[in-house]
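Visitor: So that you have it, the file is input17.pdb, and it contains PDB, C-alpha atoms and all ligand atoms:
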ATOM      1  CA  MET K  58       1.240  22.834 -14.974  1.00  0.00           C
ATOM      2  CA  ARG K  59       3.245  21.556 -12.047  1.00  0.00           C
ATOM      3  CA  LEU K  60       4.404  17.941 -11.835  1.00  0.00           C
ATOM      4  CA  GLU K  61       2.795  16.228  -8.893  1.00  0.00           C
ATOM      5  CA  ARG K  62       5.198  15.225  -6.134  1.00  0.00           C
ATOM      6  CA  VAL K  63       5.531  11.515  -5.518  1.00  0.00           C
ATOM      7  CA  LEU K  64       3.227  11.333  -2.485  1.00  0.00           C
ATOM      8  CA  GLN K  65       0.646  13.560  -4.118  1.00  0.00           C
ATOM      9  CA  TYR K  66       0.709  11.396  -7.217  1.00  0.00           C
ATOM     10  CA  ALA K  67       0.174   8.227  -5.164  1.00  0.00           C
ATOM     11  CA  LYS K  68      -2.917   9.883  -3.666  1.00  0.00           C
ATOM     12  CA  THR K  69      -4.173  10.965  -7.074  1.00  0.00           C
ATOM     13  CA  LEU K  70      -3.994   7.372  -8.311  1.00  0.00           C
ATOM     14  CA  LEU K  71      -5.955   6.161  -5.283  1.00  0.00           C
ATOM     15  CA  ARG K  72      -8.496   8.999  -5.477  1.00  0.00           C
ATOM     16  CA  ASP K  73      -9.141   8.264  -9.151  1.00  0.00           C
ATOM     17  CA  THR K  74      -9.578   4.538  -8.483  1.00  0.00           C
ATOM     18  CA  VAL K  75     -11.506   4.246  -5.229  1.00  0.00           C
ATOM     19  CA  GLU K  76     -15.252   4.850  -5.028  1.00  0.00           C
ATOM     20  CA  ILE K  77     -17.778   4.986  -2.210  1.00  0.00           C
ATOM     21  CA  GLY K  78     -18.552   1.459  -0.988  1.00  0.00           C
ATOM     22  CA  ASP K  79     -15.273  -0.124  -2.144  1.00  0.00           C
ATOM     23  CA  THR K  80     -13.121  -2.571  -0.185  1.00  0.00           C
ATOM     24  CA  VAL K  81      -9.486  -1.429  -0.003  1.00  0.00           C
ATOM     25  CA  VAL K  82      -6.249  -2.293   1.815  1.00  0.00           C
ATOM     26  CA  ASP K  83      -3.579  -0.207   3.515  1.00  0.00           C
ATOM     27  CA  ALA K  84      -0.762  -2.762   3.520  1.00  0.00           C
ATOM     28  CA  THR K  85       1.545  -0.678   5.764  1.00  0.00           C
ATOM     29  CA  ALA K  86      -0.594   1.268   8.230  1.00  0.00           C
ATOM     30  CA  GLY K  87       2.258   2.961  10.129  1.00  0.00           C
ATOM     31  CA  ASN K  88       0.861   6.137  11.655  1.00  0.00           C
ATOM     32  CA  GLY K  89      -2.406   5.699   9.749  1.00  0.00           C
ATOM     33  CA  HIS K  90      -2.240   8.588   7.287  1.00  0.00           C
ATOM     34  CA  ASP K  91      -3.082   6.436   4.272  1.00  0.00           C
ATOM     35  CA  THR K  92      -5.637   4.425   6.238  1.00  0.00           C
ATOM     36  CA  LEU K  93      -7.515   7.626   7.026  1.00  0.00           C
ATOM     37  CA  PHE K  94      -7.214   8.828   3.429  1.00  0.00           C
ATOM     38  CA  LEU K  95      -8.677   5.528   2.193  1.00  0.00           C
ATOM     39  CA  ALA K  96     -11.423   5.581   4.849  1.00  0.00           C
ATOM     40  CA  GLU K  97     -12.552   8.948   3.546  1.00  0.00           C
ATOM     41  CA  LEU K  98     -12.564   7.673  -0.053  1.00  0.00           C
ATOM     42  CA  VAL K  99     -14.678   4.549   0.642  1.00  0.00           C
ATOM     43  CA  GLY K 100     -17.266   6.386   2.750  1.00  0.00           C
ATOM     44  CA  ASP K 101     -19.354   4.765   5.451  1.00  0.00           C
ATOM     45  CA  THR K 102     -20.494   1.930   3.150  1.00  0.00           C
ATOM     46  CA  GLY K 103     -16.941   0.893   2.284  1.00  0.00           C
ATOM     47  CA  ARG K 104     -14.320  -1.084   4.168  1.00  0.00           C
ATOM     48  CA  VAL K 105     -10.620  -0.477   4.810  1.00  0.00           C
ATOM     49  CA  TYR K 106      -8.333  -3.280   6.001  1.00  0.00           C
ATOM     50  CA  ALA K 107      -5.074  -1.918   7.392  1.00  0.00           C
ATOM     51  CA  PHE K 108      -2.106  -4.120   8.283  1.00  0.00           C
ATOM     52  CA  ASP K 109       0.981  -3.535  10.365  1.00  0.00           C
ATOM     53  CA  VAL K 110       3.301  -5.820  12.301  1.00  0.00           C
ATOM     54  CA  GLN K 111       3.936  -3.268  15.086  1.00  0.00           C
ATOM     55  CA  GLN K 112       1.504  -2.685  17.963  1.00  0.00           C
ATOM     56  CA  GLN K 113       2.674   0.933  18.064  1.00  0.00           C
ATOM     57  CA  ALA K 114       1.503   1.411  14.469  1.00  0.00           C
ATOM     58  CA  VAL K 115      -1.838  -0.297  15.072  1.00  0.00           C
ATOM     59  CA  ASP K 116      -2.451   1.946  18.114  1.00  0.00           C
ATOM     60  CA  ALA K 117      -1.461   5.110  16.239  1.00  0.00           C
ATOM     61  CA  THR K 118      -3.692   4.181  13.306  1.00  0.00           C
ATOM     62  CA  MET K 119      -6.681   3.343  15.492  1.00  0.00           C
ATOM     63  CA  SER K 120      -6.463   6.606  17.373  1.00  0.00           C
ATOM     64  CA  ARG K 121      -6.166   8.614  14.136  1.00  0.00           C
ATOM     65  CA  LEU K 122      -9.271   6.861  12.778  1.00  0.00           C
ATOM     66  CA  ALA K 123     -11.195   7.357  16.029  1.00  0.00           C
ATOM     67  CA  GLU K 124     -10.329  11.051  16.091  1.00  0.00           C
ATOM     68  CA  ALA K 125     -11.756  11.387  12.587  1.00  0.00           C
ATOM     69  CA  GLY K 126     -14.832   9.308  13.501  1.00  0.00           C
ATOM     70  CA  VAL K 127     -14.273   6.720  10.761  1.00  0.00           C
ATOM     71  CA  GLN K 128     -13.131   3.687  12.776  1.00  0.00           C
ATOM     72  CA  ALA K 129     -16.368   1.725  12.150  1.00  0.00           C
ATOM     73  CA  ARG K 130     -15.509   1.298   8.475  1.00  0.00           C
ATOM     74  CA  CYS K 131     -11.930   0.136   9.190  1.00  0.00           C
ATOM     75  CA  GLU K 132     -10.272  -2.998  10.487  1.00  0.00           C
ATOM     76  CA  VAL K 133      -6.730  -2.477  11.759  1.00  0.00           C
ATOM     77  CA  ILE K 134      -4.916  -5.805  11.881  1.00  0.00           C
ATOM     78  CA  LEU K 135      -1.744  -6.628  13.811  1.00  0.00           C
ATOM     79  CA  ASP K 136      -0.318  -9.003  11.224  1.00  0.00           C
ATOM     80  CA  GLY K 137       1.774  -8.997   8.069  1.00  0.00           C
ATOM     81  CA  HIS K 138       0.264  -7.878   4.759  1.00  0.00           C
ATOM     82  CA  GLU K 139       1.339 -11.210   3.273  1.00  0.00           C
ATOM     83  CA  GLN K 140      -1.556 -12.707   5.287  1.00  0.00           C
ATOM     84  CA  VAL K 141      -4.143 -10.528   3.517  1.00  0.00           C
ATOM     85  CA  ALA K 142      -6.075 -13.480   2.070  1.00  0.00           C
ATOM     86  CA  ASN K 143      -6.716 -14.768   5.600  1.00  0.00           C
ATOM     87  CA  TYR K 144      -8.524 -11.547   6.530  1.00  0.00           C
ATOM     88  CA  VAL K 145     -10.115 -10.153   3.374  1.00  0.00           C
ATOM     89  CA  SER K 146     -12.540 -12.293   1.426  1.00  0.00           C
ATOM     90  CA  LYS K 147     -14.182  -9.599  -0.722  1.00  0.00           C
ATOM     91  CA  PRO K 148     -12.823  -8.358  -4.055  1.00  0.00           C
ATOM     92  CA  ILE K 149     -10.359  -5.526  -3.479  1.00  0.00           C
ATOM     93  CA  LYS K 150     -10.461  -2.250  -5.423  1.00  0.00           C
ATOM     94  CA  ALA K 151      -7.137  -0.758  -4.313  1.00  0.00           C
ATOM     95  CA  ALA K 152      -4.179  -1.236  -2.025  1.00  0.00           C
ATOM     96  CA  VAL K 153      -1.353   1.018  -0.930  1.00  0.00           C
ATOM     97  CA  PHE K 154       2.121   0.265   0.425  1.00  0.00           C
ATOM     98  CA  ASN K 155       4.685   2.643   1.892  1.00  0.00           C
ATOM     99  CA  LEU K 156       7.833   0.554   2.029  1.00  0.00           C
ATOM    100  CA  GLY K 157      10.495   1.109   4.670  1.00  0.00           C
ATOM    101  CA  TYR K 158      10.296   1.802   8.390  1.00  0.00           C
ATOM    102  CA  LEU K 159       7.800   3.584  10.618  1.00  0.00           C
ATOM    103  CA  PRO K 160       8.799   7.246  10.945  1.00  0.00           C
ATOM    104  CA  GLY K 161       9.676   8.014  14.553  1.00  0.00           C
ATOM    105  CA  ALA K 162      10.149   4.349  15.522  1.00  0.00           C
ATOM    106  CA  ALA K 163      13.126   1.993  15.592  1.00  0.00           C
ATOM    107  CA  HIS K 164      14.542   1.357  12.127  1.00  0.00           C
ATOM    108  CA  ASP K 165      14.896  -2.368  12.635  1.00  0.00           C
ATOM    109  CA  VAL K 166      11.292  -3.213  11.705  1.00  0.00           C
ATOM    110  CA  ILE K 167      11.169  -2.673   7.970  1.00  0.00           C
ATOM    111  CA  THR K 168       9.199  -4.128   5.108  1.00  0.00           C
ATOM    112  CA  LYS K 169      11.003  -7.095   3.560  1.00  0.00           C
ATOM    113  CA  PRO K 170      11.351  -8.222  -0.065  1.00  0.00           C
ATOM    114  CA  SER K 171       9.839 -11.695   0.308  1.00  0.00           C
ATOM    115  CA  THR K 172       6.787 -10.644   2.329  1.00  0.00           C
ATOM    116  CA  THR K 173       6.189  -7.567   0.169  1.00  0.00           C
ATOM    117  CA  VAL K 174       6.217  -9.681  -3.003  1.00  0.00           C
ATOM    118  CA  ALA K 175       4.039 -12.358  -1.356  1.00  0.00           C
ATOM    119  CA  ALA K 176       1.496  -9.661  -0.447  1.00  0.00           C
ATOM    120  CA  LEU K 177       1.541  -8.286  -3.988  1.00  0.00           C
ATOM    121  CA  GLU K 178       0.920 -11.746  -5.435  1.00  0.00           C
ATOM    122  CA  SER K 179      -1.988 -12.302  -3.084  1.00  0.00           C
ATOM    123  CA  LEU K 180      -3.503  -8.839  -3.618  1.00  0.00           C
ATOM    124  CA  LEU K 181      -3.281  -9.113  -7.401  1.00  0.00           C
ATOM    125  CA  GLN K 182      -5.399 -12.274  -7.245  1.00  0.00           C
ATOM    126  CA  GLN K 183      -8.073 -10.520  -5.181  1.00  0.00           C
ATOM    127  CA  LEU K 184      -7.945  -7.221  -7.040  1.00  0.00           C
ATOM    128  CA  VAL K 185     -10.919  -6.446  -9.284  1.00  0.00           C
ATOM    129  CA  VAL K 186     -10.319  -5.628 -12.927  1.00  0.00           C
ATOM    130  CA  GLY K 187      -9.927  -1.846 -12.904  1.00  0.00           C
ATOM    131  CA  GLY K 188      -8.328  -2.006  -9.459  1.00  0.00           C
ATOM    132  CA  MET K 189      -4.934  -0.556  -8.542  1.00  0.00           C
ATOM    133  CA  ILE K 190      -2.046  -1.288  -6.195  1.00  0.00           C
ATOM    134  CA  VAL K 191       0.129   1.728  -5.409  1.00  0.00           C
ATOM    135  CA  LEU K 192       3.570   1.370  -3.827  1.00  0.00           C
ATOM    136  CA  VAL K 193       5.656   4.251  -2.558  1.00  0.00           C
ATOM    137  CA  ILE K 194       9.172   2.847  -2.513  1.00  0.00           C
ATOM    138  CA  TYR K 195      11.601   4.281   0.019  1.00  0.00           C
ATOM    139  CA  TYR K 196      14.976   2.583  -0.285  1.00  0.00           C
ATOM    140  CA  GLY K 197      17.552   4.783   1.480  1.00  0.00           C
ATOM    141  CA  HIS K 198      17.673   2.584   4.602  1.00  0.00           C
ATOM    142  CA  GLU K 199      19.651  -0.627   5.093  1.00  0.00           C
ATOM    143  CA  GLY K 200      18.061  -3.392   3.029  1.00  0.00           C
ATOM    144  CA  GLY K 201      16.020  -0.861   1.060  1.00  0.00           C
ATOM    145  CA  LYS K 202      17.820  -1.275  -2.240  1.00  0.00           C
ATOM    146  CA  GLU K 203      17.411  -5.051  -2.129  1.00  0.00           C
ATOM    147  CA  GLU K 204      13.678  -4.646  -1.566  1.00  0.00           C
ATOM    148  CA  ARG K 205      13.423  -2.008  -4.298  1.00  0.00           C
ATOM    149  CA  ASP K 206      15.107  -4.341  -6.775  1.00  0.00           C
ATOM    150  CA  ARG K 207      12.964  -7.347  -5.835  1.00  0.00           C
ATOM    151  CA  VAL K 208       9.779  -5.343  -6.230  1.00  0.00           C
ATOM    152  CA  LEU K 209      10.938  -3.901  -9.555  1.00  0.00           C
ATOM    153  CA  ASP K 210      11.904  -7.344 -10.874  1.00  0.00           C
ATOM    154  CA  TYR K 211       8.556  -8.752  -9.799  1.00  0.00           C
ATOM    155  CA  ALA K 212       6.562  -5.839 -11.223  1.00  0.00           C
ATOM    156  CA  ALA K 213       8.436  -5.927 -14.534  1.00  0.00           C
ATOM    157  CA  SER K 214       7.761  -9.659 -14.858  1.00  0.00           C
ATOM    158  CA  LEU K 215       3.957  -9.320 -14.630  1.00  0.00           C
ATOM    159  CA  PRO K 216       2.095 -10.216 -17.835  1.00  0.00           C
ATOM    160  CA  GLN K 217       1.173  -7.062 -19.714  1.00  0.00           C
ATOM    161  CA  LYS K 218      -2.202  -8.422 -20.793  1.00  0.00           C
ATOM    162  CA  GLN K 219      -3.286  -8.623 -17.180  1.00  0.00           C
ATOM    163  CA  VAL K 220      -1.376  -5.831 -15.436  1.00  0.00           C
ATOM    164  CA  HIS K 221      -0.189  -2.406 -16.532  1.00  0.00           C
ATOM    165  CA  VAL K 222       2.849  -1.336 -14.534  1.00  0.00           C
ATOM    166  CA  LEU K 223       3.848   2.301 -14.112  1.00  0.00           C
ATOM    167  CA  ARG K 224       6.950   3.860 -12.532  1.00  0.00           C
ATOM    168  CA  TYR K 225       6.696   7.530 -11.529  1.00  0.00           C
ATOM    169  CA  GLU K 226       9.989   9.013 -10.444  1.00  0.00           C
ATOM    170  CA  PHE K 227      12.016  12.223 -10.383  1.00  0.00           C
ATOM    171  CA  ILE K 228      15.363  11.099 -11.759  1.00  0.00           C
ATOM    172  CA  ASN K 229      17.534  14.092 -10.856  1.00  0.00           C
ATOM    173  CA  GLN K 230      16.930  14.179  -7.084  1.00  0.00           C
ATOM    174  CA  GLN K 231      19.655  13.412  -4.543  1.00  0.00           C
ATOM    175  CA  ASN K 232      19.585  11.094  -1.517  1.00  0.00           C
ATOM    176  CA  ASP K 233      17.521   8.126  -2.677  1.00  0.00           C
ATOM    177  CA  PRO K 234      14.179   9.887  -3.224  1.00  0.00           C
ATOM    178  CA  PRO K 235      11.071   7.704  -3.042  1.00  0.00           C
ATOM    179  CA  PHE K 236       9.218   6.755  -6.215  1.00  0.00           C
ATOM    180  CA  VAL K 237       5.879   5.216  -7.114  1.00  0.00           C
ATOM    181  CA  ILE K 238       5.099   1.890  -8.718  1.00  0.00           C
ATOM    182  CA  ALA K 239       1.465   1.399  -9.708  1.00  0.00           C
ATOM    183  CA  LEU K 240      -0.039  -1.921 -10.782  1.00  0.00           C
ATOM    184  CA  GLU K 241      -3.338  -1.605 -12.633  1.00  0.00           C
ATOM    185  CA  LYS K 242      -5.204  -4.872 -13.184  1.00  0.00           C
ATOM    186  CA  VAL K 243      -6.727  -4.719 -16.634  1.00  0.00           C
ATOM    187  CA  LYS K 244      -7.784  -8.345 -17.123  1.00  0.00           C
ATOM    188  CA  GLU K 245      -8.404 -11.396 -14.945  1.00  0.00           C
ATOM    189  CA  PHE K 246      -5.528 -13.930 -14.739  1.00  0.00           C
ATOM    190  CA  PRO K 247      -6.172 -17.240 -16.511  1.00  0.00           C
ATOM    191  CA  LYS K 248      -7.406 -19.931 -14.087  1.00  0.00           C
TER     192      LYS K 248
HETATM  193  C1  LIG K 301       6.896   3.553   5.870  1.00  0.00           C
HETATM  194  S1  LIG K 301       5.953   2.874   7.183  1.00  0.00           S
HETATM  195  C2  LIG K 301       4.283   3.210   6.714  1.00  0.00           C
HETATM  196  C3  LIG K 301       3.855   4.632   6.891  1.00  0.00           C
HETATM  197  C4  LIG K 301       2.359   4.812   6.837  1.00  0.00           C
HETATM  198  N1  LIG K 301       1.817   4.623   5.518  1.00  0.00           N
HETATM  199  C5  LIG K 301       1.894   6.127   7.435  1.00  0.00           C
HETATM  200  O1  LIG K 301       1.001   6.766   6.867  1.00  0.00           O
HETATM  201  O2  LIG K 301       2.400   6.506   8.472  1.00  0.00           O
HETATM  202  C6  LIG K 301       6.093   1.124   6.905  1.00  0.00           C
HETATM  203  C7  LIG K 301       5.305   0.291   7.889  1.00  0.00           C
HETATM  204  O3  LIG K 301       5.280  -1.051   7.432  1.00  0.00           O
HETATM  205  C8  LIG K 301       5.217  -1.884   8.550  1.00  0.00           C
HETATM  206  N2  LIG K 301       5.538  -3.273   8.164  1.00  0.00           N
HETATM  207  C9  LIG K 301       6.744  -3.887   8.065  1.00  0.00           C
HETATM  208  N3  LIG K 301       6.588  -5.160   7.632  1.00  0.00           N
HETATM  209  C10 LIG K 301       5.244  -5.348   7.456  1.00  0.00           C
HETATM  210  C11 LIG K 301       4.441  -6.442   7.027  1.00  0.00           C
HETATM  211  N4  LIG K 301       4.982  -7.611   6.676  1.00  0.00           N
HETATM  212  N5  LIG K 301       3.104  -6.268   6.974  1.00  0.00           N
HETATM  213  C12 LIG K 301       2.530  -5.078   7.312  1.00  0.00           C
HETATM  214  N6  LIG K 301       3.237  -4.006   7.730  1.00  0.00           N
HETATM  215  C13 LIG K 301       4.575  -4.133   7.790  1.00  0.00           C
HETATM  216  C14 LIG K 301       6.180  -1.260   9.541  1.00  0.00           C
HETATM  217  O4  LIG K 301       5.903  -1.676  10.848  1.00  0.00           O
HETATM  218  C15 LIG K 301       5.903   0.238   9.304  1.00  0.00           C
HETATM  219  O5  LIG K 301       4.971   0.728  10.229  1.00  0.00           O
END
Let me see whether you can do it: turn the structure in this file into structure tokens.
Ligand SMILES: C[S@@+](CC[C@H](N)C(=O)[O-])C[C@H]1O[C@@H](n2cnc3c(N)ncnc32)[C@H](O)[C@@H]1O
Guide:
Amino acid sequence: MRLERVLQYAKTLLRDTVEIGDTVVDATAGNGHDTLFLAELVGDTGRVYAFDVQQQAVDATMSRLAEAGVQARCEVILDGHEQVANYVSKPIKAAVFNLGYLPGAAHDVITKPSTTVAALESLLQQLVVGGMIVLVIYYGHEGGKEERDRVLDYAASLPQKQVHVLRYEFINQQNDPPFVIALEKVKEFPK
């Protein structure tokens, strides 16, 4: 066998979780690659909510979805993922984050530790049991290591009865290679 590369593995987790008709979230739409991937997984009866704080990313995502003919099942929102509860009222089956900056754009708009953790807290409340949040953590840029550490601290502190937390990482690669954190909700949180 061949070990799946980090991005492939993130997709495998999503593919194995998401079913036709599900409601899912792309927390960092960027150029819309993951939004399109999710749109294909949920089918025309499902719903994808994609967030980004940059107009450029929203435009790129919308045109990618339109080109593929799947825009009707998607809502692309120009707002931070930490606001997810204001936009999504249905139970969520899966969410994906790609932390860092938009490839090809200025590097000064990056995901931030406090808003990333706020979004995770909110999504975990709305996630169905059996649902999954997948984060691809890029941390080579300025501020990236701080965000990586905040997310790891938060993920490691989650109660194991409610959330199973996985880290998937190649530990002998150079130059700050990305890795995956997956949060699987296995039980509802106590009220
Ligand atoms: C690594 S890129 C995402 C790449 C994307 N998944 C793709 O397929 O192209 C990270 C994105 O997160 C966005 N971002 C930064 N802070 C955000 C926030 N609070 N809420 C939502 N998106 C945010 C950035 O604008 C950037 O487009």
Visitor: Each residue of chain K lying at most 10 Å from ligand LIG 301 (chain K) should get a row with its shortest atom-to-atom pair and the distance in Å to one decimal, counting only C-alpha atoms and all ligand atoms; could you produce that, ordered by chain and increasing number, as CSV?
Guide:
residue,atom,partner,partner_atom,distance
K:Asp83,CA,K:LIG301,N1,7.5
K:Ala84,CA,K:LIG301,C12,5.5
K:Thr85,CA,K:LIG301,O3,4.1
K:Ala86,CA,K:LIG301,C4,4.8
K:Gly87,CA,K:LIG301,O5,3.5
K:Asn88,CA,K:LIG301,O2,3.6
K:Gly89,CA,K:LIG301,O1,4.6
K:His90,CA,K:LIG301,O1,3.7
K:Asp91,CA,K:LIG301,O1,4.8
K:Thr92,CA,K:LIG301,O1,7.1
K:Leu93,CA,K:LIG301,O1,8.6
K:Phe94,CA,K:LIG301,O1,9.1
K:Ala107,CA,K:LIG301,C12,8.2
K:Phe108,CA,K:LIG301,C12,4.8
K:Asp109,CA,K:LIG301,N6,3.5
K:Val110,CA,K:LIG301,N6,4.9
K:Gln111,CA,K:LIG301,O4,4.9
K:Gln112,CA,K:LIG301,O4,8.4
K:Gln113,CA,K:LIG301,O5,8.2
K:Ala114,CA,K:LIG301,O5,5.5
K:Val115,CA,K:LIG301,O5,8.4
K:Ala117,CA,K:LIG301,O2,8.8
K:Thr118,CA,K:LIG301,O2,8.1
K:Ile134,CA,K:LIG301,C12,8.8
K:Leu135,CA,K:LIG301,C12,7.9
K:Asp136,CA,K:LIG301,N5,6.1
K:Gly137,CA,K:LIG301,N5,3.2
K:His138,CA,K:LIG301,N5,3.9
K:Glu139,CA,K:LIG301,N4,6.1
K:Gln140,CA,K:LIG301,N5,8.1
K:Val141,CA,K:LIG301,N5,9.1
K:Val153,CA,K:LIG301,N1,8.0
K:Phe154,CA,K:LIG301,N1,6.7
K:Asn155,CA,K:LIG301,C1,4.6
K:Leu156,CA,K:LIG301,C1,5.0
K:Gly157,CA,K:LIG301,C1,4.5
K:Tyr158,CA,K:LIG301,C6,4.5
K:Leu159,CA,K:LIG301,S1,4.0
K:Pro160,CA,K:LIG301,S1,6.4
K:Gly161,CA,K:LIG301,O2,9.6
K:Ala162,CA,K:LIG301,O5,8.2
K:Ala163,CA,K:LIG301,O4,9.4
K:His164,CA,K:LIG301,C14,9.1
K:Asp165,CA,K:LIG301,O4,9.2
K:Val166,CA,K:LIG301,O4,5.7
K:Ile167,CA,K:LIG301,C9,4.6
K:Thr168,CA,K:LIG301,N3,3.8
K:Lys169,CA,K:LIG301,N3,6.3
K:Pro170,CA,K:LIG301,N4,9.3
K:Ser171,CA,K:LIG301,N4,9.0
K:Thr172,CA,K:LIG301,N4,5.6
K:Thr173,CA,K:LIG301,N4,6.6
K:Val174,CA,K:LIG301,N4,10.0
K:Ala175,CA,K:LIG301,N4,9.4
K:Ala176,CA,K:LIG301,N4,8.2
K:Val193,CA,K:LIG301,C1,8.5
K:Ile194,CA,K:LIG301,C1,8.7
K:Tyr195,CA,K:LIG301,C1,7.5
Visitor: Measuring atom to atom with only C-alpha atoms, identify which of K:Val133, K:Val220, K:Leu209, K:Ala239 is nearest to Leu71 in chain K.
Guide: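 Among the listed residues, K:Ala239 lies closest to Leu71 in chain K.
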Visitor: Could you please determine the separation between CA of Phe236 in chain K and CA of Ala67 in chain K in Å, to one decimal place?
Guide: 9.2 Å
Visitor: Evaluate the PyMOL selection byres (((chain K and resi 98) around 12) and not hetatm) here and jot the selected residues down as an NGL selection string.
Guide: :K and (68-82 or 91-97 or 99-105 or 127 or 130-131 or 150-151)
Visitor: Convert the current residue selection to file output with C-alpha atoms, as a PDB file, keeping the file's coordinate frame.
Guide:
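The file below, again.pdb, is the result:
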ATOM      1  CA  LYS K  68      -2.917   9.883  -3.666  1.00  0.00           C
ATOM      2  CA  THR K  69      -4.173  10.965  -7.074  1.00  0.00           C
ATOM      3  CA  LEU K  70      -3.994   7.372  -8.311  1.00  0.00           C
ATOM      4  CA  LEU K  71      -5.955   6.161  -5.283  1.00  0.00           C
ATOM      5  CA  ARG K  72      -8.496   8.999  -5.477  1.00  0.00           C
ATOM      6  CA  ASP K  73      -9.141   8.264  -9.151  1.00  0.00           C
ATOM      7  CA  THR K  74      -9.578   4.538  -8.483  1.00  0.00           C
ATOM      8  CA  VAL K  75     -11.506   4.246  -5.229  1.00  0.00           C
ATOM      9  CA  GLU K  76     -15.252   4.850  -5.028  1.00  0.00           C
ATOM     10  CA  ILE K  77     -17.778   4.986  -2.210  1.00  0.00           C
ATOM     11  CA  GLY K  78     -18.552   1.459  -0.988  1.00  0.00           C
ATOM     12  CA  ASP K  79     -15.273  -0.124  -2.144  1.00  0.00           C
ATOM     13  CA  THR K  80     -13.121  -2.571  -0.185  1.00  0.00           C
ATOM     14  CA  VAL K  81      -9.486  -1.429  -0.003  1.00  0.00           C
ATOM     15  CA  VAL K  82      -6.249  -2.293   1.815  1.00  0.00           C
ATOM     16  CA  ASP K  91      -3.082   6.436   4.272  1.00  0.00           C
ATOM     17  CA  THR K  92      -5.637   4.425   6.238  1.00  0.00           C
ATOM     18  CA  LEU K  93      -7.515   7.626   7.026  1.00  0.00           C
ATOM     19  CA  PHE K  94      -7.214   8.828   3.429  1.00  0.00           C
ATOM     20  CA  LEU K  95      -8.677   5.528   2.193  1.00  0.00           C
ATOM     21  CA  ALA K  96     -11.423   5.581   4.849  1.00  0.00           C
ATOM     22  CA  GLU K  97     -12.552   8.948   3.546  1.00  0.00           C
ATOM     23  CA  VAL K  99     -14.678   4.549   0.642  1.00  0.00           C
ATOM     24  CA  GLY K 100     -17.266   6.386   2.750  1.00  0.00           C
ATOM     25  CA  ASP K 101     -19.354   4.765   5.451  1.00  0.00           C
ATOM     26  CA  THR K 102     -20.494   1.930   3.150  1.00  0.00           C
ATOM     27  CA  GLY K 103     -16.941   0.893   2.284  1.00  0.00           C
ATOM     28  CA  ARG K 104     -14.320  -1.084   4.168  1.00  0.00           C
ATOM     29  CA  VAL K 105     -10.620  -0.477   4.810  1.00  0.00           C
ATOM     30  CA  VAL K 127     -14.273   6.720  10.761  1.00  0.00           C
ATOM     31  CA  ARG K 130     -15.509   1.298   8.475  1.00  0.00           C
ATOM     32  CA  CYS K 131     -11.930   0.136   9.190  1.00  0.00           C
ATOM     33  CA  LYS K 150     -10.461  -2.250  -5.423  1.00  0.00           C
ATOM     34  CA  ALA K 151      -7.137  -0.758  -4.313  1.00  0.00           C
TER      35      ALA K 151
END
Visitor: With all atoms listed in the file as the atoms that count, which of K:Val191, K:Met119, K:Val63, K:Ala152 lies nearest to Val222 in chain K?
Guide: K:Val191
Visitor: Mind giving me the straight-line distance from CA of Leu192 in chain K to CA of Asn232 in chain K in Å, one decimal?
Guide: 18.9 Å
Visitor: Please, what distance in Å, to one decimal, runs between CA of Arg121 in chain K and CA of Gln183 in chain K?
Guide: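 According to the coordinates, CA of Arg121 in chain K and CA of Gln183 in chain K are separated by 27.3 Å.
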Visitor: Have a look at K:Leu181, K:Asp233, K:Val243, K:Tyr144 and name the one nearest to Gly197 in chain K; count all atoms listed in the file.
Guide: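 Once distances to Gly197 in chain K are computed over all atoms listed in the file, the minimum belongs to K:Asp233.
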Visitor: Enumerate, as a short mmCIF file (atom, residue, chain, number, x, y, z; two decimals) with C-alpha atoms, keeping the file's coordinate frame, the residues matched when the PyMOL selection byres (((chain K and resi 241) around 6) and not hetatm) is run on the file above.
Guide:
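Now in result.cif:
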data_model
loop_
_atom_site.label_atom_id
_atom_site.label_comp_id
_atom_site.auth_asym_id
_atom_site.auth_seq_id
_atom_site.Cartn_x
_atom_site.Cartn_y
_atom_site.Cartn_z
CA GLY K 188 -8.33 -2.01 -9.46
CA MET K 189 -4.93 -0.56 -8.54
CA VAL K 220 -1.38 -5.83 -15.44
CA HIS K 221 -0.19 -2.41 -16.53
CA LEU K 240 -0.04 -1.92 -10.78
CA LYS K 242 -5.20 -4.87 -13.18
#
Visitor: How big is the axis-aligned box, and where does its centre sit, when it encloses all atoms of range 210-216 of chain K listed in the file and has 8 Å added on every side, reported in Å to one decimal as lines of an AutoDock Vina configuration file?
Guide:
center_x = 7.0
center_y = -8.0
center_z = -13.8
size_x = 25.8
size_y = 20.4
size_z = 24.0
